[in-house]
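Peer 1: work.txt (compact mmCIF, C-alpha atoms and all ligand atoms) pasted underneath:
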# COMPACT_ATOMS: atom_id res chain seq x y z
CA MET A 1 6.15 -14.64 14.07
CA THR A 2 8.08 -11.60 15.15
CA LEU A 3 6.16 -8.42 15.67
CA THR A 4 9.01 -6.01 15.62
CA ARG A 5 12.73 -5.56 15.63
CA THR A 6 13.21 -1.98 16.71
CA LEU A 7 9.77 -0.57 17.24
CA PRO A 8 8.63 0.16 20.78
CA MET A 9 5.45 -1.85 20.87
CA ASP A 10 2.30 -1.85 22.86
CA PRO A 11 2.99 -4.51 25.53
CA TYR A 12 -0.55 -5.83 25.26
CA LEU A 13 -0.08 -6.51 21.59
CA VAL A 14 3.28 -8.14 22.10
CA ALA A 15 1.82 -10.46 24.72
CA ASN A 16 -1.27 -11.28 22.67
CA ALA A 17 0.14 -11.04 19.17
CA ASP A 18 -1.18 -14.36 17.95
CA SER A 19 -4.72 -13.97 19.24
CA VAL A 20 -4.92 -10.38 18.01
CA LEU A 21 -3.71 -11.46 14.61
CA ALA A 22 -6.11 -14.39 14.50
CA GLY A 23 -8.99 -12.07 15.40
CA ALA A 24 -7.93 -9.49 12.86
CA ARG A 25 -7.81 -12.13 10.14
CA GLN A 26 -11.42 -13.00 10.87
CA GLY A 27 -12.38 -9.36 10.59
CA ASP A 28 -12.94 -8.95 14.33
CA ALA A 29 -13.35 -5.21 14.88
CA ALA A 30 -11.73 -5.13 18.32
CA ALA A 31 -8.65 -6.98 17.08
CA LEU A 32 -8.34 -4.73 14.05
CA GLU A 33 -8.57 -1.70 16.28
CA LYS A 34 -5.79 -3.09 18.49
CA LEU A 35 -3.58 -3.36 15.43
CA PHE A 36 -4.47 0.19 14.50
CA ARG A 37 -3.67 1.50 17.98
CA ALA A 38 -0.36 -0.34 18.07
CA PHE A 39 0.83 0.96 14.70
CA GLU A 40 -0.94 4.26 14.11
CA SER A 41 1.91 6.34 15.44
CA PRO A 42 4.78 4.70 13.51
CA VAL A 43 2.70 4.70 10.34
CA TYR A 44 1.72 8.32 10.81
CA THR A 45 5.31 9.29 11.59
CA LEU A 46 6.57 7.67 8.39
CA ALA A 47 3.77 9.28 6.37
CA ARG A 48 4.25 12.69 7.94
CA ARG A 49 7.99 12.64 7.28
CA ILE A 50 7.46 11.77 3.65
CA CYS A 51 4.36 13.81 2.80
CA ARG A 52 4.27 17.57 2.66
CA THR A 53 1.22 18.15 4.81
CA ALA A 54 -0.41 16.69 7.90
CA GLU A 55 -3.60 16.15 5.90
CA ASP A 56 -1.75 14.00 3.39
CA ALA A 57 -0.18 12.01 6.19
CA GLU A 58 -3.60 11.44 7.76
CA ASP A 59 -4.91 10.20 4.44
CA VAL A 60 -1.97 7.84 4.13
CA LEU A 61 -2.65 6.52 7.64
CA GLN A 62 -6.27 5.82 6.71
CA GLU A 63 -5.41 4.24 3.39
CA THR A 64 -2.76 2.08 5.02
CA PHE A 65 -5.09 0.65 7.63
CA PHE A 66 -7.91 0.25 5.18
CA GLU A 67 -5.50 -1.91 3.21
CA VAL A 68 -4.30 -3.71 6.35
CA CYS A 69 -7.89 -4.58 7.30
CA ARG A 70 -8.57 -5.79 3.81
CA SER A 71 -5.52 -7.94 3.33
CA ILE A 72 -4.50 -9.06 6.81
CA GLY A 73 -5.71 -12.52 5.77
CA ARG A 74 -2.90 -12.61 3.25
CA TYR A 75 -0.21 -11.78 5.82
CA ARG A 76 1.29 -15.19 6.52
CA GLY A 77 3.70 -14.15 9.22
CA GLU A 78 6.79 -14.12 7.06
CA GLY A 79 8.82 -11.17 8.27
CA SER A 80 7.70 -8.84 11.00
CA LEU A 81 4.17 -7.51 11.14
CA TRP A 82 5.58 -4.02 11.35
CA GLY A 83 7.69 -4.67 8.26
CA TRP A 84 4.56 -5.70 6.39
CA ILE A 85 2.48 -2.74 7.55
CA ARG A 86 5.37 -0.37 6.95
CA SER A 87 5.79 -1.45 3.36
CA ILE A 88 2.10 -0.74 2.77
CA ALA A 89 2.46 2.67 4.42
CA ALA A 90 5.60 3.54 2.46
CA SER A 91 4.02 2.67 -0.85
CA LYS A 92 0.87 4.67 -0.03
CA ALA A 93 2.98 7.67 0.97
CA LEU A 94 5.11 7.46 -2.17
CA MET A 95 2.00 7.09 -4.29
CA ARG A 96 0.67 10.27 -2.76
CA LEU A 97 3.93 12.07 -3.52
CA ARG A 98 3.69 11.01 -7.12
CA ARG A 99 0.05 11.95 -7.36
CA ASN A 100 0.41 15.38 -5.81
CA LYS A 101 3.55 16.13 -7.77
CA TYR A 102 4.81 18.49 -5.13
CA ARG A 103 7.42 20.86 -6.34
CA ASP A 104 10.86 20.06 -5.09
CA THR A 105 11.21 23.10 -2.89
CA ASP A 106 14.89 22.96 -2.14
CA GLU A 107 15.65 22.80 -5.83
CA LEU A 108 13.51 25.84 -6.37
CA ASP A 109 15.24 27.66 -3.54
CA ASP A 110 18.62 26.87 -4.98
CA ALA A 111 17.68 28.26 -8.34
CA MET A 112 15.97 31.38 -7.10
CA ALA A 113 17.91 32.62 -4.15
CA PRO A 114 21.34 31.07 -3.91
CA SER A 115 23.03 34.09 -2.42
CA ARG A 116 20.43 34.95 0.17
CA ARG A 117 20.83 31.59 1.72
CA GLU A 118 24.58 31.82 1.87
CA ASP A 119 24.17 35.16 3.63
CA THR A 120 21.83 33.95 6.29
CA ALA A 121 23.72 32.25 9.01
CA LEU A 122 21.76 29.07 8.70
CA ARG A 123 21.45 26.91 11.68
CA MET A 124 18.11 25.25 11.52
CA ASP A 125 16.97 22.54 13.79
CA LEU A 126 16.87 19.08 12.31
CA GLU A 127 13.11 18.89 11.86
CA ALA A 128 12.98 22.22 10.06
CA ALA A 129 15.86 21.20 7.83
CA LEU A 130 14.21 17.88 7.03
CA GLU A 131 10.97 19.67 6.23
CA ARG A 132 12.81 21.94 3.87
CA LEU A 133 14.28 19.16 1.74
CA GLY A 134 12.72 18.38 -1.61
CA GLU A 135 10.06 15.67 -1.53
CA THR A 136 12.08 12.99 -3.21
CA SER A 137 15.30 13.40 -1.31
CA ARG A 138 13.42 13.68 1.98
CA ALA A 139 11.58 10.45 1.23
CA VAL A 140 14.85 8.73 0.35
CA VAL A 141 16.74 9.93 3.41
CA TRP A 142 13.87 8.89 5.66
CA LEU A 143 13.36 5.47 4.11
CA HIS A 144 17.09 4.75 4.03
CA ASP A 145 18.50 6.29 7.19
CA VAL A 146 15.54 5.89 9.53
CA GLU A 147 13.42 3.02 8.26
CA GLY A 148 16.44 1.05 7.13
CA TYR A 149 15.41 0.27 3.56
CA THR A 150 18.24 -0.48 1.13
CA HIS A 151 18.81 1.55 -2.02
CA GLU A 152 17.63 -1.46 -4.00
CA GLU A 153 14.34 -1.56 -2.08
CA ILE A 154 13.85 2.17 -2.38
CA ALA A 155 14.54 2.03 -6.11
CA VAL A 156 11.83 -0.60 -6.52
CA MET A 157 9.33 1.31 -4.37
CA MET A 158 9.94 4.53 -6.25
CA GLY A 159 10.20 2.99 -9.68
CA ARG A 160 13.64 4.53 -10.11
CA THR A 161 17.20 3.24 -10.32
CA VAL A 162 19.55 2.38 -7.48
CA SER A 163 21.89 5.18 -8.49
CA PHE A 164 18.97 7.61 -8.40
CA SER A 165 18.30 6.59 -4.81
CA LYS A 166 21.98 6.97 -3.93
CA SER A 167 22.30 10.40 -5.47
CA GLN A 168 19.10 11.60 -3.77
CA LEU A 169 20.47 10.45 -0.43
CA ALA A 170 23.75 12.28 -1.02
CA ARG A 171 21.83 15.36 -2.07
CA ALA A 172 19.78 15.23 1.12
CA HIS A 173 22.86 14.93 3.29
CA VAL A 174 24.71 17.76 1.55
CA ARG A 175 21.74 20.03 2.22
CA LEU A 176 21.13 18.88 5.76
CA ARG A 177 24.79 19.40 6.54
CA ARG A 178 24.64 22.94 5.21
CA TRP A 179 21.37 23.87 6.87
CA LEU A 180 22.40 22.39 10.18
CA GLY A 181 25.54 24.50 10.12
CA GLU A 182 27.78 21.44 10.03
CA GLU A 183 29.71 22.40 6.97
CA VAL A 184 33.36 22.30 7.86
CA HIS A 185 35.63 21.56 4.97
CA ALA A 186 34.84 22.95 1.55
CA MET B 1 44.38 16.26 -1.82
CA SER B 2 40.68 16.18 -2.70
CA HIS B 3 38.33 15.01 0.01
CA LEU B 4 35.65 12.39 -0.41
CA SER B 5 32.31 13.33 -1.93
CA MET B 6 29.13 12.81 0.05
CA GLU B 7 28.30 9.84 -2.18
CA ALA B 8 31.65 8.24 -1.46
CA LEU B 9 31.20 8.79 2.27
CA LEU B 10 27.70 7.33 2.13
CA ALA B 11 28.98 4.32 0.22
CA LEU B 12 31.23 3.54 3.17
CA ARG B 13 28.15 3.02 5.34
CA GLU B 14 26.68 0.46 2.95
CA PRO B 15 27.20 -3.24 3.53
CA GLY B 16 29.45 -4.95 0.99
CA VAL B 17 32.40 -3.52 -0.86
CA GLU B 18 31.96 -1.64 -4.11
CA PRO B 19 34.76 -0.69 -6.47
CA GLY B 20 36.33 2.44 -5.07
CA ASP B 21 35.42 1.64 -1.48
CA VAL B 22 38.87 0.38 -0.64
CA ALA B 23 40.57 3.54 -1.84
CA ALA B 24 37.95 5.64 -0.06
CA ARG B 25 38.48 3.71 3.16
CA GLU B 26 42.22 4.25 2.89
CA HIS B 27 41.65 7.95 2.36
CA VAL B 28 39.41 8.21 5.40
CA ASP B 29 41.98 6.41 7.52
CA GLY B 30 44.58 8.99 6.59
CA CYS B 31 42.39 12.10 6.52
CA PRO B 32 41.08 13.60 9.77
CA ALA B 33 38.70 15.93 7.90
CA CYS B 34 36.95 13.11 6.05
CA ARG B 35 36.93 11.01 9.20
CA ALA B 36 35.15 13.82 10.99
CA GLU B 37 32.76 14.19 8.07
CA LEU B 38 31.92 10.49 8.18
CA GLU B 39 31.37 10.74 11.90
CA ARG B 40 29.01 13.69 11.41
CA LEU B 41 27.17 11.64 8.81
CA HIS B 42 26.64 8.83 11.31
CA GLN B 43 25.50 11.33 13.91
CA ARG B 44 23.07 12.99 11.55
CA ALA B 45 21.48 9.65 10.72
CA ALA B 46 21.31 8.80 14.41
CA ARG B 47 19.64 12.14 15.16
CA LEU B 48 17.10 11.50 12.40
CA ARG B 49 16.27 8.15 13.94
CA ALA B 50 15.92 9.80 17.33
CA LEU B 51 13.32 12.33 16.17
CA PRO B 52 10.15 11.93 18.20
CA ALA B 53 7.31 9.76 16.94
CA LEU B 54 4.34 11.75 15.68
CA ARG B 55 0.64 11.26 16.15
CA PRO B 56 -2.27 12.44 14.06
CA SER B 57 -4.23 15.32 15.53
CA ARG B 58 -7.49 13.36 15.53
CA ASP B 59 -8.64 9.79 15.90
CA LEU B 60 -8.76 8.27 12.42
CA TRP B 61 -9.90 4.79 13.35
CA PRO B 62 -13.64 5.57 12.99
CA ALA B 63 -13.02 6.79 9.46
CA VAL B 64 -11.10 3.62 8.58
CA ARG B 65 -13.92 1.49 9.99
CA VAL B 66 -16.62 3.31 8.07
CA ARG B 67 -14.72 2.86 4.86
CA GLN B 68 -14.05 -0.76 5.61
CA ARG B 69 -17.70 -1.45 6.39
CA LEU B 70 -18.81 0.22 3.20
CA GLU B 71 -16.35 -1.86 1.26
CA SER B 72 -17.39 -5.12 2.86
CA ARG B 73 -21.04 -4.32 2.23
CA ARG B 74 -20.21 -3.73 -1.40
CA TRP B 75 -18.30 -6.99 -1.47
CA GLN B 76 -21.18 -8.80 0.17
CA GLN B 77 -23.63 -7.35 -2.30
CA ARG B 78 -21.41 -8.41 -5.09
CA TRP B 79 -21.06 -11.89 -3.75
CA THR B 80 -24.69 -12.10 -2.83
CA GLY B 81 -25.49 -11.08 -6.34
CA VAL B 82 -23.19 -13.67 -7.78
CA ALA B 83 -24.18 -16.43 -5.43
CA GLY B 84 -27.87 -16.09 -6.07
CA PHE B 85 -27.00 -16.20 -9.65
CA LEU B 86 -24.99 -19.30 -9.15
CA ALA B 87 -27.48 -21.24 -7.11
CA ALA B 88 -29.96 -20.76 -9.84
CA ALA B 89 -27.29 -21.57 -12.31
CA SER B 90 -27.50 -25.32 -12.56
CA VAL B 91 -31.15 -24.96 -13.47
CA ALA B 92 -30.77 -21.65 -15.24
CA LEU B 93 -27.76 -22.65 -17.23
CA ALA B 94 -29.77 -25.38 -18.91
CA LEU B 95 -32.36 -22.81 -19.80
CA PHE B 96 -29.72 -20.39 -21.00
CA TRP B 97 -27.98 -22.78 -23.26
CA GLY B 98 -31.27 -23.59 -24.90
CA ASP B 99 -31.77 -20.02 -25.94
CA VAL B 100 -28.42 -18.57 -26.76
CA ALA B 101 -29.01 -17.40 -30.26
CA ARG B 102 -31.93 -15.03 -30.03
CA PRO B 103 -33.18 -14.20 -26.55
CA GLU B 104 -36.66 -12.72 -26.50
CA PRO B 105 -36.54 -9.49 -24.46
CA ALA B 106 -39.10 -10.74 -21.95
CA ASP B 107 -37.30 -14.06 -21.56
CA ALA B 108 -33.99 -12.27 -21.29
CA SER B 109 -35.05 -10.28 -18.26
CA ALA B 110 -36.54 -13.38 -16.67
CA GLU B 111 -33.33 -15.23 -17.31
CA ILE B 112 -31.28 -12.37 -15.98
CA ALA B 113 -33.36 -12.45 -12.81
CA ALA B 114 -32.86 -16.17 -12.55
CA ALA B 115 -29.16 -15.86 -13.15
CA ARG B 116 -28.94 -13.15 -10.52
CA GLU B 117 -30.64 -15.43 -8.06
CA ARG B 118 -28.38 -18.31 -8.94
CA SER B 119 -25.42 -16.01 -8.43
CA GLN B 120 -26.63 -15.19 -4.95
CA VAL B 121 -26.96 -18.81 -3.94
CA LEU B 122 -23.50 -19.66 -5.19
CA GLU B 123 -22.03 -16.62 -3.45
CA SER B 124 -23.54 -17.56 -0.12
CA ALA B 125 -22.21 -21.06 -0.61
CA LEU B 126 -18.79 -19.56 -1.15
CA GLU B 127 -19.17 -17.22 1.77
CA GLU B 128 -20.10 -20.06 4.03
CA TYR B 129 -17.09 -21.94 2.83
CA ASN B 130 -15.03 -18.77 3.39
CA PRO B 131 -12.03 -19.39 1.13
CA GLU B 132 -10.32 -16.23 2.43
CA LEU B 133 -9.60 -17.93 5.72
CA ARG B 134 -8.36 -21.21 4.38
CA VAL B 135 -4.91 -22.18 3.52
CA ILE B 136 -4.85 -23.16 -0.11
CA ASP B 137 -2.07 -24.37 -2.31
CA GLY B 138 -0.47 -22.10 -4.88
CA ARG B 139 -2.25 -23.54 -7.88
CA THR B 140 -5.68 -23.28 -6.30
CA ALA B 141 -4.87 -19.74 -5.21
CA ARG B 142 -3.87 -18.77 -8.73
CA VAL B 143 -6.90 -20.36 -10.33
CA SER B 144 -9.30 -18.80 -7.86
CA GLN B 145 -7.57 -15.43 -8.16
CA ALA B 146 -7.95 -15.55 -11.93
CA LEU B 147 -11.63 -16.47 -11.59
CA GLU B 148 -12.22 -13.71 -9.05
CA ASP B 149 -10.47 -11.20 -11.28
CA ARG B 150 -12.61 -12.18 -14.21
CA ILE B 151 -15.74 -11.91 -12.07
CA ALA B 152 -14.67 -8.43 -10.97
CA GLU B 153 -14.22 -7.48 -14.62
CA LEU B 154 -17.65 -8.85 -15.45
CA ASP B 155 -19.14 -6.87 -12.60
CA GLN B 156 -17.74 -3.71 -14.06
CA GLN B 157 -19.20 -4.53 -17.44
CA LEU B 158 -22.52 -5.41 -15.85
CA GLU B 159 -22.53 -2.14 -14.00
CA ALA B 160 -21.83 -0.27 -17.21
CA ALA B 161 -24.49 -2.24 -19.08
CA GLN B 162 -26.97 -1.55 -16.33
CA LEU B 163 -26.16 2.13 -16.46
CA ARG B 164 -26.72 2.25 -20.18
CA GLN B 165 -29.97 0.42 -19.69
CA VAL B 166 -31.06 2.92 -17.10
CA GLN B 167 -30.29 5.60 -19.62
CA ARG B 168 -32.60 3.72 -21.98
CA MET B 169 -30.06 3.27 -24.69
CA GLU B 170 -30.43 0.27 -26.96
CA GLU B 171 -32.45 -1.49 -24.38
CA GLU B 172 -32.80 -4.81 -26.09
CA GLN B 173 -29.22 -5.12 -27.10
CA GLN B 174 -28.16 -4.23 -23.59
CA GLU B 175 -30.40 -6.88 -22.19
CA ALA B 176 -28.96 -9.51 -24.47
CA ARG B 177 -25.51 -8.33 -23.53
CA MET B 178 -26.31 -8.43 -19.84
CA LEU B 179 -27.72 -11.89 -20.14
CA GLN B 180 -24.53 -13.00 -21.75
CA LEU B 181 -22.48 -11.40 -18.98
CA TRP B 182 -24.60 -12.95 -16.29
CA ARG B 183 -24.24 -16.34 -17.88
CA GLU B 184 -20.52 -16.04 -17.88
CA ARG B 185 -20.63 -14.92 -14.28
CA VAL B 186 -22.62 -17.96 -13.21
CA GLY B 187 -20.19 -20.17 -15.05
CA LEU B 188 -17.24 -18.56 -13.33
CA LEU B 189 -18.80 -18.82 -9.92
CA ASN B 190 -19.52 -22.47 -10.49
CA ALA B 191 -15.90 -22.92 -11.36
CA LEU B 192 -14.88 -21.04 -8.25
CA VAL B 193 -17.10 -23.18 -6.07
CA ASP B 194 -15.61 -26.24 -7.71
CA VAL B 195 -12.10 -25.05 -7.14
CA HIS B 196 -12.63 -24.40 -3.45
CA VAL B 197 -15.28 -26.79 -2.27
CA THR B 198 -14.40 -29.81 -4.34
CA ARG B 199 -10.76 -29.49 -3.46
CA ALA B 200 -11.59 -28.99 0.21
CA SER B 201 -13.75 -32.10 0.38
CA ASN B 202 -11.08 -34.08 -1.45
CA VAL B 203 -8.46 -33.28 1.12
CA GLY B 204 -10.96 -33.38 3.98
CA LEU B 205 -10.71 -29.76 5.04
ZN ZN C 301 39.66 13.86 3.12
Please rewrite the model in this file as structure tokens.
Peer 2:
Amino acid sequence: MTLTRTLPMDPYLVANADSVLAGARQGDAAALEKLFRAFESPVYTLARRICRTAEDAEDVLQETFFEVCRSIGRYRGEGSLWGWIRSIAASKALMRLRRNKYRDTDELDDAMAPSRREDTALRMDLEAALERLGETSRAVVWLHDVEGYTHEEIAVMMGRTVSFSKSQLARAHVRLRRWLGEEVHA
Amino acid sequence: MSHLSMEALLALREPGVEPGDVAAREHVDGCPACRAELERLHQRAARLRALPALRPSRDLWPAVRVRQRLESRRWQQRWTGVAGFLAAASVALALFWGDVARPEPADASAEIAAARERSQVLESALEEYNPELRVIDGRTARVSQALEDRIAELDQQLEAAQLRQVQRMEEEQQEARMLQLWRERVGLLNALVDVHVTRASNVGL
């Protein structure tokens, strides 16, 4: 079993992965908490980048680990543990997006105030620019560029097509480029 | 000369070669502007990956635990309910089958109580056996999943029937209906016990 490919991991967990996992499968509270401690930050980060608010991200974190506790017995060690937990977290976060039906704010901005934005010499920092993206394209850019999901995987998770995922990613990058002041050729 | 679109640039980062990629690659090789754009794209993605990890503002583990404990208590109650029902079932079933057509209200509630008890016994048997922790083959897993799903469905119906009974609607009919549901539940639990325990003893688990 591999715990992680790229994730900086709690050294205790890495050293004791098998016993922690065995304990967690039997519902041992201490083992489950170790899993939570090892993955709460990456799960929260993913959720926070996808969801609009910190409260939503906290809910996603809770829902994710509730699910992990419930179905850890079904995790058979195929693929990394982080990959398994991450896919639960991503689907919970996307479900929340769908449920809350956030408005796509950058779309709204484009429609309402196209000129004002051109006027402002925009040079946001990356986090602010990311925050400003519409929900869907932000989720796609995060899942694809940071978490490393393929367009095919994202399409399945979102219940959309591959070309939808691709166009959302392009849309995100066009906006990020503009807002980061990186636009060179036009 | 028209430069590459963002989609075309992004496609160049994807593994595999799509139609159009070759031409796009040739363009990038000969176009400093698009090469710079592609480089900025790579950098942007790298900067996204380098954003700091975030942490929730409060400890959420206690909340997860509370929820999990509530859930497992519910599960236990459900299984306890079913198992008691099941233990009584071998005896109770015989009784049930004798009186399918027209259960007397008084007998119906007695039988429901018996079935409940039988359910509890069978559930504790299952719990002791702990199928969750055992490795089972695909067919067994599918069969037991189907049985568990059906039991969950029955539980919902039982809950609804109970609610209606509490509201004193059509009490007798509800009781007959509940008896029927409980019977089915006992039967399913028996099957589930068979699936797990019989198979386990066959292969010496
Ligand atoms: Zn070019």
Peer 1: Output the neighbourhood of ligand ZN 301 (chain C) as a PDB file with C-alpha atoms, in the frame of the given file, that is, all protein and nucleic acid residues with some atom at most 12 Å from the ligand, counting only C-alpha atoms and all ligand atoms.
Peer 2:
ATOM      1  CA  VAL A 184      33.360  22.300   7.860  1.00  0.00           C
ATOM      2  CA  HIS A 185      35.630  21.560   4.970  1.00  0.00           C
ATOM      3  CA  ALA A 186      34.840  22.950   1.550  1.00  0.00           C
TER       4      ALA A 186
ATOM      5  CA  MET B   1      44.380  16.260  -1.820  1.00  0.00           C
ATOM      6  CA  SER B   2      40.680  16.180  -2.700  1.00  0.00           C
ATOM      7  CA  HIS B   3      38.330  15.010   0.010  1.00  0.00           C
ATOM      8  CA  LEU B   4      35.650  12.390  -0.410  1.00  0.00           C
ATOM      9  CA  SER B   5      32.310  13.330  -1.930  1.00  0.00           C
ATOM     10  CA  MET B   6      29.130  12.810   0.050  1.00  0.00           C
ATOM     11  CA  ALA B   8      31.650   8.240  -1.460  1.00  0.00           C
ATOM     12  CA  LEU B   9      31.200   8.790   2.270  1.00  0.00           C
ATOM     13  CA  ALA B  23      40.570   3.540  -1.840  1.00  0.00           C
ATOM     14  CA  ALA B  24      37.950   5.640  -0.060  1.00  0.00           C
ATOM     15  CA  ARG B  25      38.480   3.710   3.160  1.00  0.00           C
ATOM     16  CA  GLU B  26      42.220   4.250   2.890  1.00  0.00           C
ATOM     17  CA  HIS B  27      41.650   7.950   2.360  1.00  0.00           C
ATOM     18  CA  VAL B  28      39.410   8.210   5.400  1.00  0.00           C
ATOM     19  CA  ASP B  29      41.980   6.410   7.520  1.00  0.00           C
ATOM     20  CA  GLY B  30      44.580   8.990   6.590  1.00  0.00           C
ATOM     21  CA  CYS B  31      42.390  12.100   6.520  1.00  0.00           C
ATOM     22  CA  PRO B  32      41.080  13.600   9.770  1.00  0.00           C
ATOM     23  CA  ALA B  33      38.700  15.930   7.900  1.00  0.00           C
ATOM     24  CA  CYS B  34      36.950  13.110   6.050  1.00  0.00           C
ATOM     25  CA  ARG B  35      36.930  11.010   9.200  1.00  0.00           C
ATOM     26  CA  ALA B  36      35.150  13.820  10.990  1.00  0.00           C
ATOM     27  CA  GLU B  37      32.760  14.190   8.070  1.00  0.00           C
ATOM     28  CA  LEU B  38      31.920  10.490   8.180  1.00  0.00           C
TER      29      LEU B  38
END
Peer 1: May I have the residues of chain A within 6 Å of chain B, counting only C-alpha atoms, written as an mmCIF file with C-alpha atoms, in the coordinates of the input?
Peer 2:
data_model
loop_
_atom_site.group_PDB
_atom_site.id
_atom_site.type_symbol
_atom_site.label_atom_id
_atom_site.label_comp_id
_atom_site.auth_asym_id
_atom_site.auth_seq_id
_atom_site.Cartn_x
_atom_site.Cartn_y
_atom_site.Cartn_z
ATOM 1 C CA SER A 41 1.910 6.340 15.440
ATOM 2 C CA THR A 45 5.310 9.290 11.590
ATOM 3 C CA GLN A 62 -6.270 5.820 6.710
ATOM 4 C CA PHE A 66 -7.910 0.250 5.180
ATOM 5 C CA ASP A 145 18.500 6.290 7.190
ATOM 6 C CA VAL A 146 15.540 5.890 9.530
ATOM 7 C CA ALA A 170 23.750 12.280 -1.020
#
Peer 1: Quick check, in Å to one decimal: how far apart do CA of Lys34 (chain A) and CA of Ala139 (chain A) lie?
Peer 2: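 Straight-line distance from CA of Lys34 (chain A) to CA of Ala139 (chain A) works out to 28.0 Å.
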Peer 1: Considering all atoms listed in the file, state which residue in the set B:Leu179, B:Arg78, B:Leu122, B:Pro19 is at the smallest distance from Asp155 (chain B).
Peer 2: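 Closest to Asp155 (chain B) of all the choices is B:Arg78.
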Peer 1: Using CA of Asp107 (chain B) and CA of Gln173 (chain B) as the two end points, give the distance in Å to one decimal.
Peer 2: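 It comes out at 13.3 Å.
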Peer 1: Applying 12 Å and all atoms listed in the file, which residues near Ser87 (chain A) remain after dropping the ones on its own chain fewer than 2 positions away? List them as an NGL selection string.
Peer 2: :A and (42-43 or 46-47 or 64-65 or 67-68 or 79-85 or 89-94 or 143 or 147-149 or 153-154 or 156-157)
Peer 1: Would you please work out which residue, of B:Met178, B:Gln76, B:Gln43, B:Val186, is nearest to Glu117 (chain B) when using only C-alpha atoms?
Peer 2: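 The closest residue to Glu117 (chain B) is B:Val186.
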Peer 1: For Arg70 (chain A), which residue out of B:Asp21, B:Trp75, B:Arg177, B:Arg13 is the nearest one, using all atoms listed in the file?
Peer 2: B:Trp75
Peer 1: I'd like the interatomic distance between CA of Ile88 (chain A) and CA of Glu152 (chain A), to a tenth of an Å.
Peer 2: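 According to the coordinates, CA of Ile88 (chain A) and CA of Glu152 (chain A) are separated by 17.0 Å.
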Peer 1: Which polymer residues have any atom within 12 Å of an atom of Asn100 (chain A), counting only C-alpha atoms, with same-chain residues fewer than 6 positions away left out, as a list in words?
Peer 2: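 The filter keeps Cys51, Arg52, Thr53, Asp56, Ala93, Leu94 and Glu135 of chain A.
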Peer 1: Export N, CA, C and O atoms of region 36-46 of chain A from the structure just given, as an mmCIF file, in the first residue's frame?
Peer 2:
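Result file is out_19.cif:
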data_model
loop_
_atom_site.group_PDB
_atom_site.id
_atom_site.type_symbol
_atom_site.label_atom_id
_atom_site.label_comp_id
_atom_site.auth_asym_id
_atom_site.auth_seq_id
_atom_site.Cartn_x
_atom_site.Cartn_y
_atom_site.Cartn_z
ATOM 1 N N PHE A 36 -7.544 11.278 10.488
ATOM 2 C CA PHE A 36 -8.104 12.626 10.376
ATOM 3 C C PHE A 36 -6.994 13.669 10.462
ATOM 4 O O PHE A 36 -6.906 14.568 9.632
ATOM 5 N N ARG A 37 -6.139 13.529 11.462
ATOM 6 C CA ARG A 37 -5.059 14.516 11.649
ATOM 7 C C ARG A 37 -4.121 14.549 10.441
ATOM 8 O O ARG A 37 -3.615 15.582 10.067
ATOM 9 N N ALA A 38 -3.878 13.376 9.875
ATOM 10 C CA ALA A 38 -2.930 13.321 8.759
ATOM 11 C C ALA A 38 -3.520 13.971 7.504
ATOM 12 O O ALA A 38 -2.792 14.534 6.694
ATOM 13 N N PHE A 39 -4.824 13.908 7.341
ATOM 14 C CA PHE A 39 -5.418 14.348 6.073
ATOM 15 C C PHE A 39 -6.335 15.551 6.198
ATOM 16 O O PHE A 39 -6.893 15.994 5.197
ATOM 17 N N GLU A 40 -6.521 16.077 7.404
ATOM 18 C CA GLU A 40 -7.494 17.166 7.516
ATOM 19 C C GLU A 40 -7.075 18.383 6.707
ATOM 20 O O GLU A 40 -7.921 19.018 6.059
ATOM 21 N N SER A 41 -5.786 18.696 6.704
ATOM 22 C CA SER A 41 -5.366 19.886 5.981
ATOM 23 C C SER A 41 -5.494 19.743 4.454
ATOM 24 O O SER A 41 -6.078 20.606 3.802
ATOM 25 N N PRO A 42 -4.984 18.659 3.856
ATOM 26 C CA PRO A 42 -5.190 18.531 2.408
ATOM 27 C C PRO A 42 -6.663 18.456 2.007
ATOM 28 O O PRO A 42 -7.052 19.031 0.976
ATOM 29 N N VAL A 43 -7.465 17.801 2.815
ATOM 30 C CA VAL A 43 -8.897 17.731 2.478
ATOM 31 C C VAL A 43 -9.519 19.121 2.591
ATOM 32 O O VAL A 43 -10.267 19.560 1.708
ATOM 33 N N TYR A 44 -9.184 19.816 3.669
ATOM 34 C CA TYR A 44 -9.755 21.153 3.846
ATOM 35 C C TYR A 44 -9.282 22.094 2.729
ATOM 36 O O TYR A 44 -10.055 22.900 2.214
ATOM 37 N N THR A 45 -8.013 21.984 2.373
ATOM 38 C CA THR A 45 -7.485 22.838 1.306
ATOM 39 C C THR A 45 -8.261 22.627 0.014
ATOM 40 O O THR A 45 -8.728 23.582 -0.619
ATOM 41 N N LEU A 46 -8.429 21.358 -0.362
ATOM 42 C CA LEU A 46 -9.191 21.052 -1.578
ATOM 43 C C LEU A 46 -10.610 21.631 -1.482
ATOM 44 O O LEU A 46 -11.099 22.293 -2.397
#
